[in-house]
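File shown here: query38.cif, holding mmCIF, C-alpha atoms and all ligand atoms.
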```
data_run
loop_
_atom_site.group_PDB
_atom_site.id
_atom_site.type_symbol
_atom_site.label_atom_id
_atom_site.label_comp_id
_atom_site.auth_asym_id
_atom_site.auth_seq_id
_atom_site.Cartn_x
_atom_site.Cartn_y
_atom_site.Cartn_z
ATOM 1 C CA MET A 1 47.275 15.295 15.024
ATOM 2 C CA ILE A 2 45.511 12.746 17.193
ATOM 3 C CA LEU A 3 48.552 10.563 16.812
ATOM 4 C CA HIS A 4 50.795 13.377 18.025
ATOM 5 C CA TYR A 5 48.501 14.193 20.889
ATOM 6 C CA GLY A 6 48.266 10.548 21.854
ATOM 7 C CA ARG A 7 52.039 10.179 21.631
ATOM 8 C CA ALA A 8 52.599 13.218 23.841
ATOM 9 C CA ILE A 9 50.202 11.844 26.442
ATOM 10 C CA LEU A 10 51.917 8.466 26.255
ATOM 11 C CA ILE A 11 55.351 10.026 26.726
ATOM 12 C CA ALA A 12 54.077 12.147 29.605
ATOM 13 C CA CYS A 13 52.633 9.028 31.224
ATOM 14 C CA ILE A 14 55.837 7.084 30.731
ATOM 15 C CA LEU A 15 57.758 9.944 32.274
ATOM 16 C CA LEU A 16 55.524 10.717 35.185
ATOM 17 C CA LEU A 17 53.158 8.027 36.174
ATOM 18 C CA HIS A 18 54.487 5.452 38.464
ATOM 19 C CA LEU A 19 53.044 7.437 41.340
ATOM 20 C CA PRO A 20 52.684 4.730 43.951
ATOM 21 C CA ALA A 21 52.753 5.975 47.548
ATOM 22 C CA ALA A 22 52.364 9.642 46.723
ATOM 23 C CA HIS A 23 48.818 9.145 45.432
ATOM 24 C CA SER A 24 47.628 6.628 47.915
ATOM 25 C CA GLY A 25 46.930 9.062 50.704
ATOM 26 C CA GLN A 26 49.461 11.008 52.707
ATOM 27 C CA ALA A 27 53.019 10.522 51.485
ATOM 28 C CA ARG A 28 55.132 8.904 54.149
ATOM 29 C CA PRO A 29 58.318 10.809 54.897
ATOM 30 C CA ILE A 30 61.467 8.818 54.272
ATOM 31 C CA PRO A 31 63.867 8.290 57.160
ATOM 32 C CA LEU A 32 66.508 10.970 56.870
ATOM 33 C CA ALA A 33 69.492 8.646 57.000
ATOM 34 C CA ASN A 34 69.203 6.893 53.658
ATOM 35 C CA GLY A 35 70.349 8.317 50.321
ATOM 36 C CA ALA A 36 69.806 5.091 48.382
ATOM 37 C CA GLN A 37 66.207 4.841 49.546
ATOM 38 C CA GLY A 38 65.630 8.503 48.724
ATOM 39 C CA CYS A 39 66.893 7.858 45.191
ATOM 40 C CA LEU A 40 64.621 4.827 44.778
ATOM 41 C CA THR A 41 61.656 6.949 45.816
ATOM 42 C CA LEU A 42 62.433 9.340 42.958
ATOM 43 C CA ALA A 43 62.910 6.390 40.579
ATOM 44 C CA ASN A 44 59.549 4.940 41.604
ATOM 45 C CA LEU A 45 57.837 8.269 40.981
ATOM 46 C CA LEU A 46 59.466 9.290 37.716
ATOM 47 C CA GLY A 47 59.352 6.861 34.797
ATOM 48 C CA SER A 48 62.381 8.566 33.264
ATOM 49 C CA ILE A 49 64.553 7.491 36.197
ATOM 50 C CA ALA A 50 65.228 3.754 36.381
ATOM 51 C CA VAL A 51 65.970 1.914 39.591
ATOM 52 C CA GLU A 52 69.364 1.088 38.026
ATOM 53 C CA ASP A 53 70.121 4.819 37.802
ATOM 54 C CA CYS A 54 70.383 4.855 41.591
ATOM 55 C CA ALA A 55 73.325 2.448 41.345
ATOM 56 C CA VAL A 56 75.269 4.948 39.207
ATOM 57 C CA VAL A 57 75.677 7.447 42.021
ATOM 58 C CA ASP A 58 76.378 6.725 45.650
ATOM 59 C CA PHE A 59 74.044 9.354 47.032
ATOM 60 C CA GLY A 60 74.681 10.881 50.385
ATOM 61 C CA ILE A 61 72.170 13.114 52.072
ATOM 62 C CA ALA A 62 72.121 16.618 53.426
ATOM 63 C CA GLY A 63 72.668 17.103 57.129
ATOM 64 C CA THR A 64 69.220 18.605 57.465
ATOM 65 C CA GLY A 65 66.144 17.605 55.538
ATOM 66 C CA THR A 66 63.107 19.332 54.149
ATOM 67 C CA VAL A 67 60.077 20.741 55.959
ATOM 68 C CA GLN A 68 58.624 17.204 55.943
ATOM 69 C CA HIS A 69 61.977 15.669 56.923
ATOM 70 C CA ARG A 70 62.722 14.124 53.564
ATOM 71 C CA PRO A 71 66.365 13.724 52.589
ATOM 72 C CA ILE A 72 68.002 16.020 50.059
ATOM 73 C CA LEU A 73 70.298 13.811 47.948
ATOM 74 C CA ILE A 74 73.886 14.739 47.126
ATOM 75 C CA GLY A 75 76.116 12.906 44.649
ATOM 76 C CA ASP A 76 79.820 13.604 44.101
ATOM 77 C CA PHE A 77 81.912 13.003 40.993
ATOM 78 C CA PRO A 78 85.495 13.943 41.867
ATOM 79 C CA ALA A 79 87.973 15.091 39.247
ATOM 80 C CA THR A 80 90.090 12.253 37.886
ATOM 81 C CA ARG A 81 92.437 14.352 35.740
ATOM 82 C CA THR A 82 95.493 15.788 37.454
ATOM 83 C CA PRO A 83 95.573 19.590 37.275
ATOM 84 C CA PRO A 84 98.775 21.635 36.870
ATOM 85 C CA VAL A 85 100.741 21.767 40.125
ATOM 86 C CA ASP A 86 99.605 25.208 41.287
ATOM 87 C CA LYS A 87 95.993 24.735 40.162
ATOM 88 C CA ARG A 88 92.931 22.916 41.377
ATOM 89 C CA PRO A 89 90.004 21.575 39.359
ATOM 90 C CA ALA A 90 87.041 23.947 39.200
ATOM 91 C CA ARG A 91 84.007 22.908 41.242
ATOM 92 C CA VAL A 92 80.619 22.673 39.528
ATOM 93 C CA LEU A 93 77.331 22.368 41.399
ATOM 94 C CA LEU A 94 74.473 20.749 39.438
ATOM 95 C CA LEU A 95 71.031 21.399 40.843
ATOM 96 C CA GLY A 96 67.537 20.213 39.914
ATOM 97 C CA GLY A 97 64.049 20.169 41.353
ATOM 98 C CA VAL A 98 64.073 23.572 43.043
ATOM 99 C CA HIS A 99 60.477 23.621 41.854
ATOM 100 C CA GLY A 100 58.805 20.314 42.681
ATOM 101 C CA ASP A 101 56.538 20.207 39.621
ATOM 102 C CA GLU A 102 59.380 20.433 37.089
ATOM 103 C CA TYR A 103 59.950 16.695 36.691
ATOM 104 C CA SER A 104 62.300 16.915 33.719
ATOM 105 C CA ALA A 105 64.705 19.147 35.710
ATOM 106 C CA VAL A 106 65.119 16.268 38.184
ATOM 107 C CA SER A 107 65.287 13.471 35.616
ATOM 108 C CA ILE A 108 67.945 15.142 33.471
ATOM 109 C CA GLN A 109 70.336 15.040 36.434
ATOM 110 C CA PHE A 110 70.375 11.242 36.177
ATOM 111 C CA ARG A 111 71.194 11.368 32.454
ATOM 112 C CA TRP A 112 74.082 13.690 33.252
ATOM 113 C CA ALA A 113 75.132 11.419 36.138
ATOM 114 C CA GLU A 114 75.524 8.572 33.627
ATOM 115 C CA ARG A 115 77.819 10.735 31.526
ATOM 116 C CA LEU A 116 79.888 11.771 34.526
ATOM 117 C CA ALA A 117 80.168 8.180 35.750
ATOM 118 C CA ARG A 118 81.334 7.031 32.291
ATOM 119 C CA ASP A 119 83.910 9.819 31.938
ATOM 120 C CA SER A 120 87.278 8.403 32.947
ATOM 121 C CA SER A 121 89.045 11.765 32.701
ATOM 122 C CA ARG A 122 86.883 14.228 34.595
ATOM 123 C CA ARG A 123 88.429 17.683 34.598
ATOM 124 C CA TYR A 124 86.093 19.180 37.241
ATOM 125 C CA GLU A 125 84.806 18.402 40.713
ATOM 126 C CA TRP A 126 81.073 17.844 40.256
ATOM 127 C CA ARG A 127 78.484 17.882 43.022
ATOM 128 C CA MET A 128 74.932 16.944 42.074
ATOM 129 C CA ILE A 129 71.762 17.759 44.005
ATOM 130 C CA PRO A 130 69.089 16.192 41.808
ATOM 131 C CA CYS A 131 66.119 17.487 43.791
ATOM 132 C CA LEU A 132 66.220 20.361 46.271
ATOM 133 C CA ASN A 133 62.467 20.215 46.824
ATOM 134 C CA PRO A 134 61.433 16.559 47.254
ATOM 135 C CA ASP A 135 58.397 17.591 49.349
ATOM 136 C CA GLY A 136 57.045 19.504 46.344
ATOM 137 C CA LEU A 137 57.898 16.692 43.920
ATOM 138 C CA LEU A 138 56.271 14.009 46.068
ATOM 139 C CA ALA A 139 53.268 16.054 47.195
ATOM 140 C CA GLY A 140 50.793 14.283 44.867
ATOM 141 C CA PRO A 141 50.021 16.334 42.904
ATOM 142 C CA ALA A 142 53.478 17.845 42.716
ATOM 143 C CA THR A 143 53.799 21.496 43.679
ATOM 144 C CA ARG A 144 56.173 24.241 42.604
ATOM 145 C CA THR A 145 56.512 25.379 46.222
ATOM 146 C CA ASN A 146 57.849 23.511 49.237
ATOM 147 C CA ALA A 147 55.586 22.069 51.959
ATOM 148 C CA ASN A 148 55.248 25.531 53.548
ATOM 149 C CA GLY A 149 53.919 26.929 50.270
ATOM 150 C CA VAL A 150 57.107 28.925 49.638
ATOM 151 C CA ASP A 151 58.699 29.314 46.192
ATOM 152 C CA LEU A 152 62.269 28.330 47.081
ATOM 153 C CA ASN A 153 63.578 30.273 44.085
ATOM 154 C CA ARG A 154 62.277 33.494 45.684
ATOM 155 C CA ASN A 155 63.529 32.723 49.217
ATOM 156 C CA PHE A 156 67.324 33.108 48.815
ATOM 157 C CA PRO A 157 68.823 35.908 50.914
ATOM 158 C CA THR A 158 69.521 38.427 48.159
ATOM 159 C CA LEU A 159 70.617 41.856 49.320
ATOM 160 C CA GLU A 160 67.316 43.581 48.691
ATOM 161 C CA TRP A 161 65.084 40.737 49.901
ATOM 162 C CA ALA A 162 63.701 42.565 52.950
ATOM 163 C CA THR A 163 62.584 45.579 50.954
ATOM 164 C CA ARG A 164 61.712 44.044 47.589
ATOM 165 C CA ALA A 165 60.591 40.406 47.822
ATOM 166 C CA LEU A 166 57.105 40.821 49.276
ATOM 167 C CA PRO A 167 56.281 44.069 47.394
ATOM 168 C CA TYR A 168 57.394 42.370 44.161
ATOM 169 C CA TRP A 169 55.181 39.385 44.944
ATOM 170 C CA THR A 170 52.202 41.632 45.675
ATOM 171 C CA GLU A 171 52.599 44.119 42.843
ATOM 172 C CA GLN A 172 54.145 42.064 40.024
ATOM 173 C CA THR A 173 52.560 38.645 40.561
ATOM 174 C CA GLY A 174 49.229 39.659 42.146
ATOM 175 C CA ARG A 175 50.122 37.533 45.184
ATOM 176 C CA ASP A 176 50.449 34.400 43.050
ATOM 177 C CA PRO A 177 50.627 31.546 45.609
ATOM 178 C CA ARG A 178 53.080 29.689 43.324
ATOM 179 C CA ARG A 179 55.542 32.549 43.729
ATOM 180 C CA TYR A 180 55.230 33.352 47.440
ATOM 181 C CA PRO A 181 58.749 34.299 48.620
ATOM 182 C CA GLY A 182 58.153 33.295 52.245
ATOM 183 C CA PRO A 183 57.897 35.303 55.478
ATOM 184 C CA SER A 184 61.595 36.233 55.565
ATOM 185 C CA ALA A 185 64.801 35.682 53.588
ATOM 186 C CA ALA A 186 66.058 32.078 53.849
ATOM 187 C CA SER A 187 63.118 31.132 56.067
ATOM 188 C CA GLU A 188 62.971 27.634 54.510
ATOM 189 C CA PRO A 189 65.162 24.687 55.578
ATOM 190 C CA GLU A 190 65.908 23.716 51.958
ATOM 191 C CA VAL A 191 67.217 27.224 51.223
ATOM 192 C CA GLN A 192 69.127 27.477 54.507
ATOM 193 C CA TRP A 193 70.833 24.191 53.729
ATOM 194 C CA LEU A 194 71.738 25.168 50.146
ATOM 195 C CA VAL A 195 73.116 28.531 51.304
ATOM 196 C CA ASP A 196 75.372 26.648 53.753
ATOM 197 C CA GLU A 197 76.228 24.054 51.122
ATOM 198 C CA ILE A 198 77.323 26.753 48.666
ATOM 199 C CA GLU A 199 79.633 28.083 51.361
ATOM 200 C CA ARG A 200 81.008 24.576 52.109
ATOM 201 C CA PHE A 201 81.472 23.368 48.532
ATOM 202 C CA ASP A 202 82.460 26.834 47.299
ATOM 203 C CA PRO A 203 81.481 26.161 43.661
ATOM 204 C CA ASP A 204 83.028 28.055 40.762
ATOM 205 C CA VAL A 205 79.872 27.504 38.707
ATOM 206 C CA ILE A 206 76.270 26.577 39.510
ATOM 207 C CA VAL A 207 73.933 24.968 36.975
ATOM 208 C CA SER A 208 70.326 25.080 38.188
ATOM 209 C CA VAL A 209 67.872 23.338 35.858
ATOM 210 C CA HIS A 210 64.250 24.460 35.526
ATOM 211 C CA ALA A 211 61.373 24.147 33.039
ATOM 212 C CA PRO A 212 59.385 25.002 30.859
ATOM 213 C CA LEU A 213 60.528 28.307 29.332
ATOM 214 C CA GLY A 214 62.827 26.726 26.727
ATOM 215 C CA ILE A 215 65.672 29.241 27.179
ATOM 216 C CA LEU A 216 69.013 29.605 28.943
ATOM 217 C CA ASP A 217 69.194 32.245 31.687
ATOM 218 C CA PHE A 218 72.486 33.400 33.164
ATOM 219 C CA ASP A 219 73.654 35.467 36.125
ATOM 220 C CA GLY A 220 77.179 36.274 37.212
ATOM 221 C CA PRO A 221 80.550 37.400 36.007
ATOM 222 C CA PRO A 222 82.101 35.684 32.921
ATOM 223 C CA PRO A 223 80.637 35.922 29.410
ATOM 224 C CA PRO A 224 77.664 33.546 29.254
ATOM 225 C CA PRO A 225 77.344 30.761 26.696
ATOM 226 C CA GLN A 226 75.151 31.830 23.780
ATOM 227 C CA GLN A 227 73.328 28.533 23.961
ATOM 228 C CA LEU A 228 73.229 25.197 25.722
ATOM 229 C CA GLY A 229 72.148 22.742 23.052
ATOM 230 C CA MET A 230 68.660 23.741 21.902
ATOM 231 C CA LEU A 231 68.341 26.464 24.584
ATOM 232 C CA ASN A 232 69.351 29.948 23.469
ATOM 233 C CA LEU A 233 70.554 32.590 25.894
ATOM 234 C CA ASP A 234 67.731 34.878 27.026
ATOM 235 C CA ARG A 235 68.556 36.667 30.259
ATOM 236 C CA LEU A 236 65.449 37.104 32.366
ATOM 237 C CA GLY A 237 66.833 39.629 34.848
ATOM 238 C CA ALA A 238 67.013 39.260 38.600
ATOM 239 C CA TYR A 239 64.056 38.362 40.776
ATOM 240 C CA PRO A 240 64.250 39.189 44.485
ATOM 241 C CA GLY A 241 65.201 35.968 46.272
ATOM 242 C CA SER A 242 66.132 33.899 43.223
ATOM 243 C CA LEU A 243 69.194 31.640 43.272
ATOM 244 C CA GLY A 244 70.594 33.362 40.189
ATOM 245 C CA ASN A 245 70.309 36.716 41.924
ATOM 246 C CA TYR A 246 71.783 35.396 45.188
ATOM 247 C CA ALA A 247 74.693 33.319 43.884
ATOM 248 C CA GLY A 248 75.260 35.150 40.589
ATOM 249 C CA ARG A 249 75.034 38.743 41.776
ATOM 250 C CA THR A 250 75.545 38.649 45.542
ATOM 251 C CA LEU A 251 78.296 35.994 45.620
ATOM 252 C CA ALA A 252 79.631 36.539 42.055
ATOM 253 C CA ILE A 253 79.396 32.813 41.229
ATOM 254 C CA PRO A 254 78.234 32.283 37.638
ATOM 255 C CA VAL A 255 74.797 30.634 37.579
ATOM 256 C CA LEU A 256 73.551 28.942 34.422
ATOM 257 C CA THR A 257 69.816 28.339 34.497
ATOM 258 C CA PRO A 258 68.742 26.042 31.664
ATOM 259 C CA GLU A 259 64.945 26.223 31.377
ATOM 260 C CA LEU A 260 63.965 23.003 29.611
ATOM 261 C CA GLN A 261 61.079 23.161 27.141
ATOM 262 C CA TYR A 262 58.712 20.868 29.003
ATOM 263 C CA ALA A 263 58.290 20.125 32.680
ATOM 264 C CA GLY A 264 56.689 16.719 32.018
ATOM 265 C CA ILE A 265 58.472 15.510 28.875
ATOM 266 C CA MET A 266 62.173 14.824 28.729
ATOM 267 C CA PRO A 267 64.408 16.324 26.052
ATOM 268 C CA THR A 268 65.632 13.727 23.559
ATOM 269 C CA ASN A 269 68.954 11.985 24.168
ATOM 270 C CA GLN A 270 70.417 14.073 21.361
ATOM 271 C CA GLN A 271 69.225 17.304 22.999
ATOM 272 C CA ILE A 272 70.566 16.197 26.385
ATOM 273 C CA ALA A 273 73.938 15.441 24.800
ATOM 274 C CA GLY A 274 73.953 18.803 22.972
ATOM 275 C CA MET A 275 73.359 20.714 26.202
ATOM 276 C CA TRP A 276 76.076 18.776 27.975
ATOM 277 C CA ASP A 277 78.640 19.279 25.208
ATOM 278 C CA ASP A 278 77.990 23.036 25.155
ATOM 279 C CA LEU A 279 78.273 23.191 28.955
ATOM 280 C CA ILE A 280 81.643 21.424 28.900
ATOM 281 C CA GLU A 281 82.885 23.626 26.068
ATOM 282 C CA TRP A 282 81.942 26.786 27.994
ATOM 283 C CA LEU A 283 83.511 25.472 31.216
ATOM 284 C CA ASP A 284 86.715 24.598 29.365
ATOM 285 C CA GLU A 285 86.855 28.024 27.755
ATOM 286 C CA HIS A 286 85.838 30.274 30.657
ATOM 287 C CA ILE A 287 86.377 28.380 33.906
ATOM 288 C CA GLY A 288 89.038 25.666 33.527
ATOM 289 C CA GLU A 289 91.382 25.136 36.440
ATOM 290 C CA GLN A 290 91.403 27.631 39.289
ATOM 291 C CA ASP A 291 94.328 29.001 41.234
ATOM 292 C CA ARG A 292 95.024 26.839 44.214
ATOM 293 C CA VAL A 293 94.961 28.940 47.343
ATOM 294 C CA LEU A 294 98.092 27.794 49.140
ATOM 295 C CA PRO A 295 98.059 27.574 52.914
ATOM 296 C CA PRO A 296 100.131 30.285 54.613
ATOM 297 C CA ARG A 297 103.813 29.315 54.748
ATOM 298 C CA PRO A 298 104.867 28.069 58.166
ATOM 299 C CA VAL A 299 107.193 30.392 60.060
ATOM 300 C CA LEU A 300 110.479 28.495 60.115
ATOM 301 C CA PRO A 301 113.131 28.996 62.809
ATOM 302 C CA ASP A 302 116.200 30.924 61.811
ATOM 303 C CA TRP A 303 118.644 28.162 60.827
ATOM 304 C CA ASN A 304 121.676 30.368 61.621
ATOM 305 C CA LEU A 305 120.567 30.560 65.236
ATOM 306 C CA LEU A 306 120.111 26.785 65.430
ATOM 307 C CA LEU A 307 123.546 26.120 63.942
ATOM 308 C CA ALA A 308 125.278 28.538 66.303
ATOM 309 C CA PRO A 309 124.439 27.373 69.809
ATOM 310 C CA PRO A 310 123.982 30.009 72.462
ATOM 311 C CA GLU A 311 127.011 31.046 74.455
ATOM 312 C CA ASN A 312 125.934 29.229 77.619
ATOM 313 C CA LEU A 313 125.838 25.885 75.725
ATOM 314 C CA LEU A 314 129.426 26.357 74.558
ATOM 315 C CA LEU A 315 130.605 27.114 78.094
ATOM 316 C CA ARG A 316 129.059 23.985 79.607
ATOM 317 C CA PRO A 317 131.650 21.371 80.525
HETATM 318 ZN ZN ZN B 401 61.394 26.438 37.963
#
```

Kindly present the structure from the file in structure tokens form.
Ligand SMILES: [Zn+2]
Amino acid sequence: MILHYGRAILIACILLLHLPAAHSGQARPIPLANGAQGCLTLANLLGSIAVEDCAVVDFGIAGTGTVQHRPILIGDFPATRTPPVDKRPARVLLLGGVHGDEYSAVSIQFRWAERLARDSSRRYEWRMIPCLNPDGLLAGPATRTNANGVDLNRNFPTLEWATRALPYWTEQTGRDPRRYPGPSAASEPEVQWLVDEIERFDPDVIVSVHAPLGILDFDGPPPPPQQLGMLNLDRLGAYPGSLGNYAGRTLAIPVLTPELQYAGIMPTNQQIAGMWDDLIEWLDEHIGEQDRVLPPRPVLPDWNLLLAPPENLLLRP
């Protein structure tokens, strides 16, 4: 028992405690223009991300940053398999760290990045945002909310936000500060940016990782997977302002929300692989290639008219 307890503490420490700058006073915001440095900051904080992991992905950064002007990292893994001629590869958006205190949801992105980087025949276009809420993650101690104290997963502009979000917060959560939806829909820069990014990237599927409920939630159109690895499907319903509600129900983009079992302890390599294999199997079965939307055909001149010159041309000497 003591051994188990001690081991759990040890693992938690290995995972979490590098904690350099974040605990030595006020965290210094990172200059916005540097994805590599932003990645190293995560690697320095989280023991389950190695500095070498930052070499796997060439991270770019979002055009706008967080409340505290930290960069939001973006990594791309383009498809390398050629789709049928009238099809395009489906686009998959991988998202972690919507809640800053769910360390494992950030770290698992880097394990999946390794797999994507190794895969020489990628069927899909992958975009990875390992941490939407770096201010929360780096707050010391980490917070679920962003630097304005807003739960980003209650701030998305769902249809009923204006009438339901604040009453829900008051009546159902007892004004829990960890679940404050914000003063208005999409009031937060992190949410505004992701809403725009969803429009730009136009994903066919979103996978947004959380912890620690130990289940798989799902919103959106096609039949959901019954499990992702050790996580069994358990649909939680729609919260006002949640990403699943916004993208899954308002935009009709399927949203898989794996809730890992622990926020501070990583799943085993075997569990990570099991989740990934089930995700790929579901994508292959239900998403696959998408119809390529062809550009409108150009209006061509009437070749008969071009071949028969006008009368005045024929009459010219
Ligand atoms: Zn969460």

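Neighbours of ligand ZN 401 (chain B) at a cut-off of 9 Å, computed so that all atoms listed in the file are counted, are the residues Gly96, Gly97, Val98, His99, Gly100, Asp101, Glu102, Ala105, Arg144, Asn153, Val209, His210, Ala211, Pro212, Leu213, Glu259 and Ala263 of chain A.
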
Separating CA of Val255 in chain A from CA of Cys131 in chain A, to the nearest tenth of an Å, is a gap of 16.9 Å

Excluding same-chain residues fewer than 3 positions from Arg91 in chain A, what lies within 6 Å of it counting only C-alpha atoms, as a count of residues only? 5

Going by the chain IDs and residue numbers used in this file, which residues fall under the PyMOL selection byres (((chain A and resi 291) around 7) and not hetatm)? Write them as a PyMOL selection string. chain A and resi 86-88+289-290+292-293

Could you build a table of the residues in range 58-125 of chain A lying no more than 10 Å from range 281-286 of chain A, giving for each the nearest pair of atoms and their separation in Å rounded to one decimal place, using all atoms listed in the file, ordered by chain and ascending residue number, as a Markdown table?
```
| residue | atom | partner | partner_atom | distance |
| --- | --- | --- | --- | --- |
| A:Ala90 | CA | A:Leu283 | CA | 8.9 |
| A:Val92 | CA | A:Leu283 | CA | 9.2 |
| A:Arg123 | CA | A:Asp284 | CA | 8.8 |
| A:Tyr124 | CA | A:Leu283 | CA | 9.1 |
```

Distance query range 63-65 of chain A at most 8 Å, all atoms listed in the file, self and fewer than 2 positions along chain excluded, as a PDB file with C-alpha atoms, in the frame of the given file:
```
ATOM      1  CA  LEU A  32      66.508  10.970  56.870  1.00  0.00           C
ATOM      2  CA  ILE A  61      72.170  13.114  52.072  1.00  0.00           C
ATOM      3  CA  VAL A  67      60.077  20.741  55.959  1.00  0.00           C
ATOM      4  CA  GLN A  68      58.624  17.204  55.943  1.00  0.00           C
ATOM      5  CA  HIS A  69      61.977  15.669  56.923  1.00  0.00           C
ATOM      6  CA  ARG A  70      62.722  14.124  53.564  1.00  0.00           C
ATOM      7  CA  PRO A  71      66.365  13.724  52.589  1.00  0.00           C
ATOM      8  CA  ILE A  72      68.002  16.020  50.059  1.00  0.00           C
ATOM      9  CA  PRO A 189      65.162  24.687  55.578  1.00  0.00           C
ATOM     10  CA  GLU A 190      65.908  23.716  51.958  1.00  0.00           C
ATOM     11  CA  TRP A 193      70.833  24.191  53.729  1.00  0.00           C
TER      12      TRP A 193
END
```

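For the structure in this document, the set picked by the PyMOL selection byres (((chain A and resi 269-278) around 8) and not hetatm) is A:Ile108, A:Arg111, A:Trp112, A:Pro225, A:Gln227, A:Leu228, A:Gly229, A:Met230, A:Leu231, A:Pro267, A:Thr268, A:Leu279, A:Ile280, A:Glu281, A:Trp282.
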
Store the residues of this selection in a file with C-alpha atoms, as an mmCIF file, in the coordinates of the input.
```cif
data_model
loop_
_atom_site.group_PDB
_atom_site.id
_atom_site.type_symbol
_atom_site.label_atom_id
_atom_site.label_comp_id
_atom_site.auth_asym_id
_atom_site.auth_seq_id
_atom_site.Cartn_x
_atom_site.Cartn_y
_atom_site.Cartn_z
ATOM 1 C CA ILE A 108 67.945 15.142 33.471
ATOM 2 C CA ARG A 111 71.194 11.368 32.454
ATOM 3 C CA TRP A 112 74.082 13.690 33.252
ATOM 4 C CA PRO A 225 77.344 30.761 26.696
ATOM 5 C CA GLN A 227 73.328 28.533 23.961
ATOM 6 C CA LEU A 228 73.229 25.197 25.722
ATOM 7 C CA GLY A 229 72.148 22.742 23.052
ATOM 8 C CA MET A 230 68.660 23.741 21.902
ATOM 9 C CA LEU A 231 68.341 26.464 24.584
ATOM 10 C CA PRO A 267 64.408 16.324 26.052
ATOM 11 C CA THR A 268 65.632 13.727 23.559
ATOM 12 C CA LEU A 279 78.273 23.191 28.955
ATOM 13 C CA ILE A 280 81.643 21.424 28.900
ATOM 14 C CA GLU A 281 82.885 23.626 26.068
ATOM 15 C CA TRP A 282 81.942 26.786 27.994
#
```

Reference answer for the PyMOL selection byres (((chain A and resi 194) around 10) and not hetatm), as JSON, numbers by chain: {"A": [62, 72, 129, 132, 156, 186, 189, 190, 191, 192, 193, 195, 196, 197, 198, 199, 200, 243]}

Output as lines of an AutoDock Vina configuration file the centre and edge lengths (Å, one decimal) of the box along x, y and z of the file that holds every listed atom of range 136-150 of chain A after adding 5 Å on each side.
```
center_x = 54.0
center_y = 21.5
center_z = 48.1
size_x = 17.9
size_y = 24.9
size_z = 20.9
```

Interatomic distance (Å, one decimal) between CA of Asn155 in chain A and CA of Tyr246 in chain A: 9.6 Å

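CA of Arg115 in chain A lies 13.9 Å from CA of Thr80 in chain A.
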
Spatial neighbours of Trp161 in chain A, max dist 9 Å, only C-alpha atoms, sep filter under 6 positions, as an MDAnalysis selection string: chainID A and resid 154:155 184:185 240:241
